[in-house]
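Next comes run_9.cif, with mmCIF, C-alpha atoms and all ligand atoms.
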```
data_model
#
loop_
_atom_site.label_atom_id
_atom_site.label_comp_id
_atom_site.auth_asym_id
_atom_site.auth_seq_id
_atom_site.Cartn_x
_atom_site.Cartn_y
_atom_site.Cartn_z
CA MET A 1 2.25 9.71 -1.23
CA LEU A 2 -0.61 7.35 -0.28
CA ALA A 3 0.79 3.84 -0.49
CA GLY A 4 -0.25 0.22 -0.22
CA GLY A 5 2.11 -2.69 -0.73
CA VAL A 6 3.96 -4.01 -3.74
CA GLY A 7 2.84 -1.54 -6.46
CA ALA A 8 3.44 1.44 -4.21
CA ALA A 9 6.85 0.15 -3.18
CA ARG A 10 7.88 -0.32 -6.82
CA PHE A 11 6.77 3.22 -7.65
CA LEU A 12 8.55 4.64 -4.60
CA ARG A 13 11.80 3.06 -5.76
CA GLY A 14 11.45 4.99 -8.99
CA LEU A 15 10.45 8.19 -7.19
CA LEU A 16 13.46 8.06 -4.85
CA GLY A 17 15.65 7.72 -7.91
CA VAL A 18 14.51 11.05 -9.32
CA ILE A 19 13.95 13.31 -6.30
CA ASP A 20 15.58 13.81 -2.90
CA PRO A 21 14.34 11.00 -0.62
CA ARG A 22 14.30 13.47 2.27
CA SER A 23 11.49 15.32 0.48
CA VAL A 24 9.27 12.21 0.27
CA THR A 25 6.68 11.00 2.77
CA ALA A 26 4.94 7.67 2.25
CA ILE A 27 1.61 7.38 4.09
CA VAL A 28 1.11 3.63 4.25
CA ASN A 29 -1.93 1.41 4.69
CA THR A 30 -1.98 -0.52 7.97
CA ALA A 31 -5.34 -2.23 7.63
CA ASP A 32 -3.61 -5.41 6.38
CA ASP A 33 -1.99 -5.67 9.81
CA ILE A 34 -2.41 -8.95 11.63
CA GLU A 35 -1.67 -10.26 15.11
CA LEU A 36 -0.15 -13.74 14.84
CA TYR A 37 1.63 -15.80 17.51
CA GLY A 38 1.35 -12.71 19.69
CA LEU A 39 3.29 -10.65 17.10
CA HIS A 40 2.11 -7.49 15.33
CA VAL A 41 2.77 -7.87 11.61
CA SER A 42 2.44 -4.81 9.34
CA PRO A 43 2.72 -6.17 5.79
CA ASP A 44 2.49 -2.95 3.79
CA LEU A 45 4.85 -1.03 6.07
CA ASP A 46 7.35 -3.87 5.82
CA THR A 47 6.94 -4.28 2.04
CA VAL A 48 7.65 -0.57 1.50
CA THR A 49 10.62 -0.64 3.89
CA TYR A 50 12.17 -3.86 2.59
CA THR A 51 11.69 -2.85 -1.05
CA LEU A 52 13.28 0.59 -0.61
CA ALA A 53 16.11 -1.02 1.34
CA GLY A 54 16.73 -3.32 -1.64
CA ALA A 55 16.15 -6.28 0.70
CA VAL A 56 12.73 -7.48 -0.48
CA ASP A 57 12.39 -10.86 -2.16
CA GLY A 58 11.75 -9.87 -5.79
CA ALA A 59 9.76 -12.98 -6.68
CA ARG A 60 7.36 -12.78 -3.75
CA GLY A 61 7.20 -8.99 -3.58
CA TRP A 62 7.06 -9.30 0.22
CA GLY A 63 9.40 -10.59 2.91
CA LEU A 64 13.15 -10.72 2.63
CA VAL A 65 15.51 -12.09 0.01
CA ASP A 66 17.64 -15.14 1.03
CA GLU A 67 15.03 -15.89 3.66
CA THR A 68 14.95 -19.13 5.69
CA TRP A 69 11.85 -20.69 7.23
CA SER A 70 13.19 -22.72 10.16
CA ALA A 71 10.82 -21.21 12.70
CA MET A 72 7.87 -22.11 10.45
CA GLY A 73 9.31 -25.63 10.20
CA MET A 74 9.20 -25.94 13.98
CA LEU A 75 5.56 -24.78 14.00
CA GLN A 76 4.70 -27.40 11.37
CA ARG A 77 6.53 -30.05 13.43
CA TYR A 78 4.06 -29.28 16.24
CA GLY A 79 1.07 -29.47 13.91
CA ASP A 80 0.42 -25.74 13.83
CA ASP A 81 -1.55 -24.74 10.70
CA ALA A 82 1.14 -22.11 9.98
CA TRP A 83 -0.72 -20.63 6.99
CA PHE A 84 0.93 -17.19 7.10
CA ASN A 85 4.61 -17.56 6.28
CA LEU A 86 6.90 -15.65 8.63
CA GLY A 87 10.55 -15.94 7.59
CA ASP A 88 13.31 -16.19 10.18
CA GLN A 89 14.74 -12.74 9.41
CA ASP A 90 11.25 -11.23 9.00
CA LEU A 91 10.40 -12.50 12.48
CA GLY A 92 13.06 -10.18 13.85
CA THR A 93 11.07 -7.21 12.54
CA HIS A 94 7.86 -8.45 14.15
CA LEU A 95 9.62 -9.26 17.44
CA TYR A 96 11.07 -5.74 17.54
CA ARG A 97 7.79 -4.02 16.58
CA THR A 98 5.84 -6.06 19.12
CA LYS A 99 8.32 -5.41 21.91
CA ARG A 100 8.33 -1.65 21.24
CA LEU A 101 4.54 -1.46 21.06
CA ALA A 102 4.37 -3.35 24.38
CA GLN A 103 6.72 -0.72 25.83
CA GLY A 104 4.14 1.93 24.87
CA ALA A 105 5.76 3.20 21.66
CA THR A 106 3.35 4.18 18.89
CA LEU A 107 3.33 2.43 15.52
CA SER A 108 4.67 5.69 14.05
CA GLU A 109 7.62 5.69 16.43
CA VAL A 110 8.42 2.04 15.82
CA THR A 111 8.10 2.49 12.06
CA ALA A 112 10.59 5.37 12.17
CA GLU A 113 13.02 3.15 14.11
CA ILE A 114 12.65 0.27 11.64
CA VAL A 115 13.03 2.60 8.62
CA ALA A 116 16.16 4.11 10.24
CA GLY A 117 17.44 0.57 10.84
CA TRP A 118 17.52 0.17 7.04
CA ASP A 119 19.18 3.61 6.58
CA LEU A 120 16.29 4.93 4.51
CA GLU A 121 15.98 8.72 4.21
CA LEU A 122 12.31 9.09 3.22
CA GLU A 123 9.63 9.48 5.88
CA VAL A 124 7.31 6.48 6.28
CA LEU A 125 4.12 7.15 8.23
CA PRO A 126 1.45 4.60 9.07
CA MET A 127 -1.97 5.98 8.16
CA THR A 128 -2.92 5.76 11.85
CA ASP A 129 -1.42 4.58 15.15
CA HIS A 130 -4.70 2.89 16.04
CA LEU A 131 -5.43 -0.73 15.17
CA VAL A 132 -7.56 -0.85 12.02
CA GLN A 133 -8.17 -4.17 10.31
CA THR A 134 -9.82 -4.85 6.97
CA ARG A 135 -12.56 -7.47 7.17
CA VAL A 136 -14.12 -8.92 4.03
CA VAL A 137 -17.38 -10.82 3.59
CA VAL A 138 -16.92 -14.08 1.67
CA ASP A 139 -19.74 -16.63 1.24
CA GLY A 140 -21.84 -14.64 3.68
CA SER A 141 -19.37 -14.63 6.54
CA GLU A 142 -16.81 -12.02 7.51
CA ILE A 143 -13.14 -13.02 7.58
CA GLY A 144 -9.86 -11.20 8.14
CA PHE A 145 -8.04 -9.68 5.21
CA GLN A 146 -5.02 -12.01 5.42
CA ASP A 147 -7.35 -14.97 5.78
CA TYR A 148 -8.87 -13.88 2.45
CA PHE A 149 -5.61 -12.84 0.79
CA VAL A 150 -3.34 -15.69 1.92
CA LYS A 151 -5.33 -18.59 3.33
CA HIS A 152 -7.93 -18.36 0.53
CA GLN A 153 -5.33 -17.06 -1.96
CA HIS A 154 -7.97 -14.37 -2.70
CA ASN A 155 -9.64 -16.93 -4.98
CA VAL A 156 -13.08 -16.25 -3.50
CA ALA A 157 -15.60 -13.49 -4.31
CA VAL A 158 -15.93 -10.62 -1.85
CA SER A 159 -19.37 -9.15 -1.26
CA ASP A 160 -18.45 -6.45 1.27
CA ILE A 161 -15.46 -4.76 2.88
CA ARG A 162 -15.25 -3.18 6.34
CA PHE A 163 -12.39 -1.47 8.15
CA ASP A 164 -12.73 -2.58 11.76
CA GLY A 165 -11.71 0.15 14.20
CA ILE A 166 -11.76 2.93 11.60
CA GLU A 167 -14.35 5.00 13.46
CA SER A 168 -12.06 5.53 16.44
CA ALA A 169 -8.90 5.89 14.38
CA SER A 170 -7.19 9.23 13.88
CA ALA A 171 -4.49 10.11 11.37
CA ALA A 172 -0.99 9.36 12.64
CA PRO A 173 1.13 12.37 13.68
CA GLY A 174 2.31 14.31 10.65
CA VAL A 175 -0.09 12.70 8.17
CA LEU A 176 -2.54 15.61 7.86
CA GLU A 177 0.30 18.13 7.95
CA ARG A 178 2.14 16.41 5.09
CA ILE A 179 -1.06 16.24 3.03
CA GLY A 180 -1.64 19.94 3.69
CA GLU A 181 1.88 21.08 2.80
CA ALA A 182 3.02 18.69 0.05
CA ASP A 183 3.85 20.14 -3.37
CA VAL A 184 2.45 17.01 -5.02
CA ILE A 185 0.34 14.18 -3.61
CA VAL A 186 0.52 10.85 -5.40
CA ILE A 187 -2.03 8.07 -4.98
CA ALA A 188 0.13 5.00 -5.64
CA PRO A 189 -0.81 2.16 -8.00
CA SER A 190 -2.22 0.10 -5.13
CA ASN A 191 -5.55 -1.62 -4.67
CA PRO A 192 -8.07 1.26 -4.56
CA LEU A 193 -10.47 -0.64 -2.29
CA VAL A 194 -8.31 -2.33 0.37
CA SER A 195 -4.97 -0.49 0.17
CA ILE A 196 -5.85 3.12 -0.68
CA GLY A 197 -9.41 2.78 0.65
CA PRO A 198 -8.44 2.29 4.30
CA ILE A 199 -6.11 5.31 4.23
CA LEU A 200 -8.91 7.52 2.89
CA ALA A 201 -11.32 6.07 5.45
CA VAL A 202 -9.23 7.34 8.39
CA PRO A 203 -11.27 10.34 9.61
CA ALA A 204 -10.11 13.65 8.11
CA ILE A 205 -7.69 12.10 5.58
CA ARG A 206 -10.13 11.95 2.64
CA SER A 207 -11.22 15.58 3.11
CA ALA A 208 -7.60 16.69 3.52
CA VAL A 209 -6.74 15.09 0.17
CA GLU A 210 -9.86 16.45 -1.53
CA LYS A 211 -8.84 19.97 -0.45
CA ARG A 212 -5.60 19.47 -2.43
CA ARG A 213 -7.35 18.02 -5.50
CA ARG A 214 -5.43 20.27 -7.94
CA ASP A 215 -2.12 18.86 -6.70
CA VAL A 216 -3.20 15.23 -6.46
CA VAL A 217 -2.34 12.70 -9.14
CA ALA A 218 -3.26 9.01 -9.05
CA ILE A 219 -1.74 6.08 -10.90
CA SER A 220 -4.13 3.41 -12.09
CA PRO A 221 -3.31 -0.05 -10.66
CA ILE A 222 -5.55 -1.51 -13.35
CA VAL A 223 -3.85 -2.01 -16.72
CA GLY A 224 -5.92 -3.30 -19.62
CA GLY A 225 -8.74 -4.16 -17.23
CA ALA A 226 -6.52 -6.30 -15.00
CA ALA A 227 -4.49 -5.81 -11.85
CA LEU A 228 -0.76 -6.41 -12.28
CA LYS A 229 -0.66 -8.23 -8.96
CA GLY A 230 -3.34 -9.18 -6.43
CA PRO A 231 -7.13 -9.12 -6.57
CA ALA A 232 -7.87 -5.42 -7.27
CA ASP A 233 -9.59 -6.14 -10.59
CA ARG A 234 -11.83 -8.90 -9.24
CA MET A 235 -12.66 -6.97 -6.07
CA MET A 236 -13.68 -3.92 -8.10
CA THR A 237 -15.98 -6.06 -10.26
CA GLU A 238 -17.35 -7.94 -7.26
CA LEU A 239 -18.17 -4.65 -5.56
CA ASP A 240 -19.84 -3.19 -8.66
CA HIS A 241 -17.07 -0.93 -9.85
CA ASP A 242 -15.80 -1.00 -13.43
CA SER A 243 -12.46 -2.85 -13.41
CA SER A 244 -10.79 -0.45 -15.83
CA ALA A 245 -8.79 2.76 -15.87
CA ALA A 246 -12.10 4.63 -16.24
CA GLY A 247 -13.44 2.75 -13.22
CA VAL A 248 -10.43 3.89 -11.22
CA ALA A 249 -11.09 7.46 -12.38
CA THR A 250 -14.63 7.18 -11.04
CA LEU A 251 -13.26 6.18 -7.64
CA TYR A 252 -10.62 8.91 -7.56
CA THR A 253 -12.10 11.92 -9.39
CA SER A 254 -13.12 13.69 -6.16
CA LEU A 255 -9.57 13.27 -4.84
CA GLY A 256 -7.29 14.12 -7.73
CA SER A 257 -7.11 16.09 -10.97
CA ALA A 258 -4.94 13.69 -13.01
CA LEU A 259 -4.86 9.93 -13.55
CA VAL A 260 -1.80 8.21 -14.98
CA VAL A 261 -2.73 5.20 -17.10
CA ASP A 262 -0.79 2.75 -19.21
CA ARG A 263 -0.52 3.09 -22.97
CA VAL A 264 -2.82 0.07 -23.40
CA ASP A 265 -5.57 2.20 -21.79
CA ALA A 266 -5.14 5.25 -24.01
CA ARG A 267 -8.60 4.49 -25.42
CA HIS A 268 -10.06 5.41 -22.00
CA ALA A 269 -8.66 8.95 -22.19
CA ALA A 270 -11.92 10.60 -23.27
CA ALA A 271 -13.91 8.71 -20.63
CA ILE A 272 -11.40 9.69 -17.94
CA ARG A 273 -11.60 13.34 -19.00
CA ALA A 274 -15.42 13.13 -18.99
CA ILE A 275 -15.20 11.83 -15.41
CA GLY A 276 -13.20 14.96 -14.53
CA MET A 277 -9.59 13.77 -14.41
CA GLU A 278 -6.83 14.66 -16.88
CA PRO A 279 -5.47 11.40 -18.34
CA VAL A 280 -1.70 10.99 -18.54
CA ILE A 281 -0.72 8.17 -20.88
CA THR A 282 2.65 6.49 -20.27
CA ASP A 283 4.29 3.16 -19.40
CA THR A 284 3.04 2.18 -15.96
CA VAL A 285 4.23 -1.45 -15.83
CA MET A 286 7.39 -1.05 -13.75
CA ASP A 287 9.43 -4.01 -15.01
CA THR A 288 12.64 -2.03 -14.65
CA ILE A 289 13.85 0.73 -12.34
CA GLU A 290 14.18 2.97 -15.40
CA ILE A 291 10.47 2.60 -16.19
CA ALA A 292 9.67 3.30 -12.52
CA GLU A 293 11.81 6.45 -12.61
CA ALA A 294 10.22 7.65 -15.86
CA LEU A 295 6.78 6.95 -14.40
CA ALA A 296 7.68 8.95 -11.30
CA LEU A 297 8.73 11.94 -13.42
CA SER A 298 5.57 11.79 -15.58
CA THR A 299 3.47 11.52 -12.43
CA LEU A 300 5.09 14.53 -10.74
CA HIS A 301 4.88 16.64 -13.90
CA ALA A 302 1.17 15.84 -14.27
CA VAL A 303 0.31 18.29 -11.49
CA ASP A 304 3.56 19.90 -10.35
CA ARG A 305 2.94 23.63 -10.54
CA ARG A 306 6.20 24.74 -9.01
CA THR A 307 8.27 26.52 -11.60
CA THR A 308 10.21 23.44 -12.67
CA PRO A 309 13.83 24.51 -13.36
N1 LIG B 401 1.48 -13.24 1.20
C1 LIG B 401 1.18 -14.52 0.84
O1 LIG B 401 0.58 -14.72 -0.23
N2 LIG B 401 1.52 -15.58 1.65
C2 LIG B 401 2.16 -15.42 2.81
O2 LIG B 401 2.43 -16.41 3.50
C3 LIG B 401 2.52 -14.09 3.21
C4 LIG B 401 3.23 -13.84 4.40
C5 LIG B 401 3.63 -12.52 4.68
C6 LIG B 401 4.41 -12.24 5.80
C7 LIG B 401 4.81 -10.93 6.08
C8 LIG B 401 4.43 -9.90 5.24
O3 LIG B 401 4.85 -8.64 5.48
C9 LIG B 401 3.65 -10.15 4.10
C10 LIG B 401 3.24 -11.46 3.83
N3 LIG B 401 2.46 -11.74 2.69
C11 LIG B 401 2.14 -13.02 2.36
C12 LIG B 401 2.00 -10.66 1.80
C13 LIG B 401 0.79 -9.95 2.39
O4 LIG B 401 -0.29 -10.79 2.59
C14 LIG B 401 0.47 -8.81 1.42
O5 LIG B 401 1.62 -8.04 1.35
C15 LIG B 401 -0.54 -7.80 1.83
O6 LIG B 401 -1.07 -7.84 2.99
C16 LIG B 401 -1.37 -7.42 0.65
O7 LIG B 401 -0.79 -6.26 0.15
#
```
Will you turn the file into structure tokens for me?
Ligand code: FO1
Amino acid sequence: MLAGGVGAARFLRGLLGVIDPRSVTAIVNTADDIELYGLHVSPDLDTVTYTLAGAVDGARGWGLVDETWSAMGMLQRYGDDAWFNLGDQDLGTHLYRTKRLAQGATLSEVTAEIVAGWDLELEVLPMTDHLVQTRVVVDGSEIGFQDYFVKHQHNVAVSDIRFDGIESASAAPGVLERIGEADVIVIAPSNPLVSIGPILAVPAIRSAVEKRRRDVVAISPIVGGAALKGPADRMMTELDHDSSAAGVATLYTSLGSALVVDRVDARHAAAIRAIGMEPVITDTVMDTIEIAEALALSTLHAVDRRTTP
């Protein structure tokens, strides 16, 4: 499954409730990664891990529940601008990842160690072991993704997106193999431009997914023309895409044969079919684990051609 942050993590929780976690691989976006205070922070990897471990803070959707912020308090005491909030427990993850990377471990290896540290059974792969960082152009100048997303609260219009380092990136070990051998490939309900986009931009990943088009199903992160969380709807509009389920179909039709959309978007079914994807209409707003599990089953059945028992 191709995954970004919060939406993907919510869906994965449902998926792991209905199939064997050992049969699931999450290929996760790492272009949100940021180096801060000398630490390597991987927000989407950590959001997926913490959510599946049942340790994520439900209100924020990122970081850990029962978190404390004493280290940030010390930074503020010293006048540091401290705009990116690193909780005291969360810092332990970044300290560990940074230490292991400095020892020469790959991001894949460190991710496996962190996932094991939370006793998770699914496989979590970064899209690449190389440093790739999303840069966005706002008011004519290029800034880092977290600068846009957090410091600016993504309240500014984006005129362009670039994935710095993508040209020299290669898929992380196992990524292309899993895409080649999976029974079903799910494109998670994440931001198509800056969460799914970077994964597909890693050389060879897009073509590997396109080869499996019959077995690829995507879930629209846009419901009723809006994103459930984050700036996906505005970014799509700002970058001349239609911020609707049909607009998502336009982005994904070369990659997948089915698009799962919420009941409120049933009226887009004909347009989605005309774009070349089979619409699957169901509840996609995962307010409860039961909805997430039902969504996972509908998603798998949209393209699963194994003889289902
Ligand atoms: N998002 C915020 O809106 N404010 C923060 O201070 C913040 C800190 C943070 C720290 C660690 C982490 O893993 C995620 C964090 N996020 C924060 C969320 C992050 O910006 C998003 O998860 C993604 O990068 C977008 O999917």
6 Å shell around ligand LIG 401 (chain B) using all atoms listed in the file, listed as JSON, numbers by chain: {"A": [5, 32, 42, 43, 44, 46, 47, 62, 63, 84, 85, 86, 146, 149, 150]}
Nearest to Ser243 in chain A, chosen from A:Ile222, A:Leu297, A:Ile272, A:Val260, with all atoms listed in the file counted in the distances: A:Ile222
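Atom pair CA of Thr253 in chain A / CA of Ala226 in chain A has a distance of 19.9 Å (rounded to one decimal).
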If you count all atoms listed in the file, the residue of A:Val186, A:Val115, A:Leu131, A:Leu52 closest to Gly14 in chain A turns out to be A:Leu52
Do a neighbour search on Leu200 in chain A at 9 Å with all atoms listed in the file, toss out local chain neighbours closer than 5 positions, and write the hits as JSON, numbers by chain. {"A": [2, 127, 205, 206, 207, 209]}
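Distances here use only C-alpha atoms; by that measure, the residue among A:Leu75, A:Ala182, A:Leu193, A:Ile275 closest to His241 in chain A is A:Leu193.
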Nearest to Val194 in chain A, chosen from A:Ser257, A:Thr30, A:Thr49, A:Thr237, with only C-alpha atoms counted in the distances: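 Of A:Ser257, A:Thr30, A:Thr49, A:Thr237, the one nearest Val194 in chain A is A:Thr30, counting only C-alpha atoms.
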Test item: residues at most 12 Å from Ile143 in chain A, only C-alpha atoms, excluding those fewer than 2 positions along its chain, as a VMD selection string: chain A and resid 133 to 141 145 to 152 154 156 158 to 164
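Note that CA of Met1 in chain A and CA of Asp233 in chain A are 21.9 Å apart.
When only C-alpha atoms are used to compute distances to Val217 in chain A, the closest of the residues A:Ile166, A:Val202, A:Val184, A:Leu239 turns out to be A:Val184.
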Measuring atom to atom with all atoms listed in the file, identify which of A:Asp304, A:Asp265, A:Asp81, A:Glu177 is nearest to Ala245 in chain A. A:Asp265
So which residues fall inside 12 Å of (-11.3, -1.1, -7.9) if we count only C-alpha atoms? Mind giving them as an MDAnalysis selection string? chainID A and resid 189:197 220:223 225:227 230:252
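From CA of Trp83 in chain A back to CA of Leu12 in chain A, the distance works out to 29.3 Å.
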List the neighbours of Leu16 in chain A out to 12 Å using all atoms listed in the file; skip same-chain residues closer than 6 positions along the sequence, and give me the result as a VMD selection string. chain A and resid 1 9 to 10 22 to 26 51 to 53 120 to 123 289 to 290 292 to 297
Fewer than 3 positions away in the same chain doesn't count, so skip those; otherwise give me all residues within 12 Å of Glu113 in chain A, counting all atoms listed in the file, as a PyMOL selection string. chain A and resi 49+93+96-97+100-101+105-110+116-121+123-125
Selected residues, C-alpha atoms, written as a tab-separated table (two decimals), in the coordinates of the input, please.
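Ended up saving to selection-v2.tsv:
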```tsv
chain	number	residue	atom	x	y	z
A	49	THR	CA	10.62	-0.64	3.89
A	93	THR	CA	11.07	-7.21	12.54
A	96	TYR	CA	11.07	-5.74	17.54
A	97	ARG	CA	7.79	-4.02	16.58
A	100	ARG	CA	8.33	-1.65	21.24
A	101	LEU	CA	4.54	-1.46	21.06
A	105	ALA	CA	5.76	3.20	21.66
A	106	THR	CA	3.35	4.18	18.89
A	107	LEU	CA	3.33	2.43	15.52
A	108	SER	CA	4.67	5.69	14.05
A	109	GLU	CA	7.62	5.69	16.43
A	110	VAL	CA	8.42	2.04	15.82
A	116	ALA	CA	16.16	4.11	10.24
A	117	GLY	CA	17.44	0.57	10.84
A	118	TRP	CA	17.52	0.17	7.04
A	119	ASP	CA	19.18	3.61	6.58
A	120	LEU	CA	16.29	4.93	4.51
A	121	GLU	CA	15.98	8.72	4.21
A	123	GLU	CA	9.63	9.48	5.88
A	124	VAL	CA	7.31	6.48	6.28
A	125	LEU	CA	4.12	7.15	8.23
```
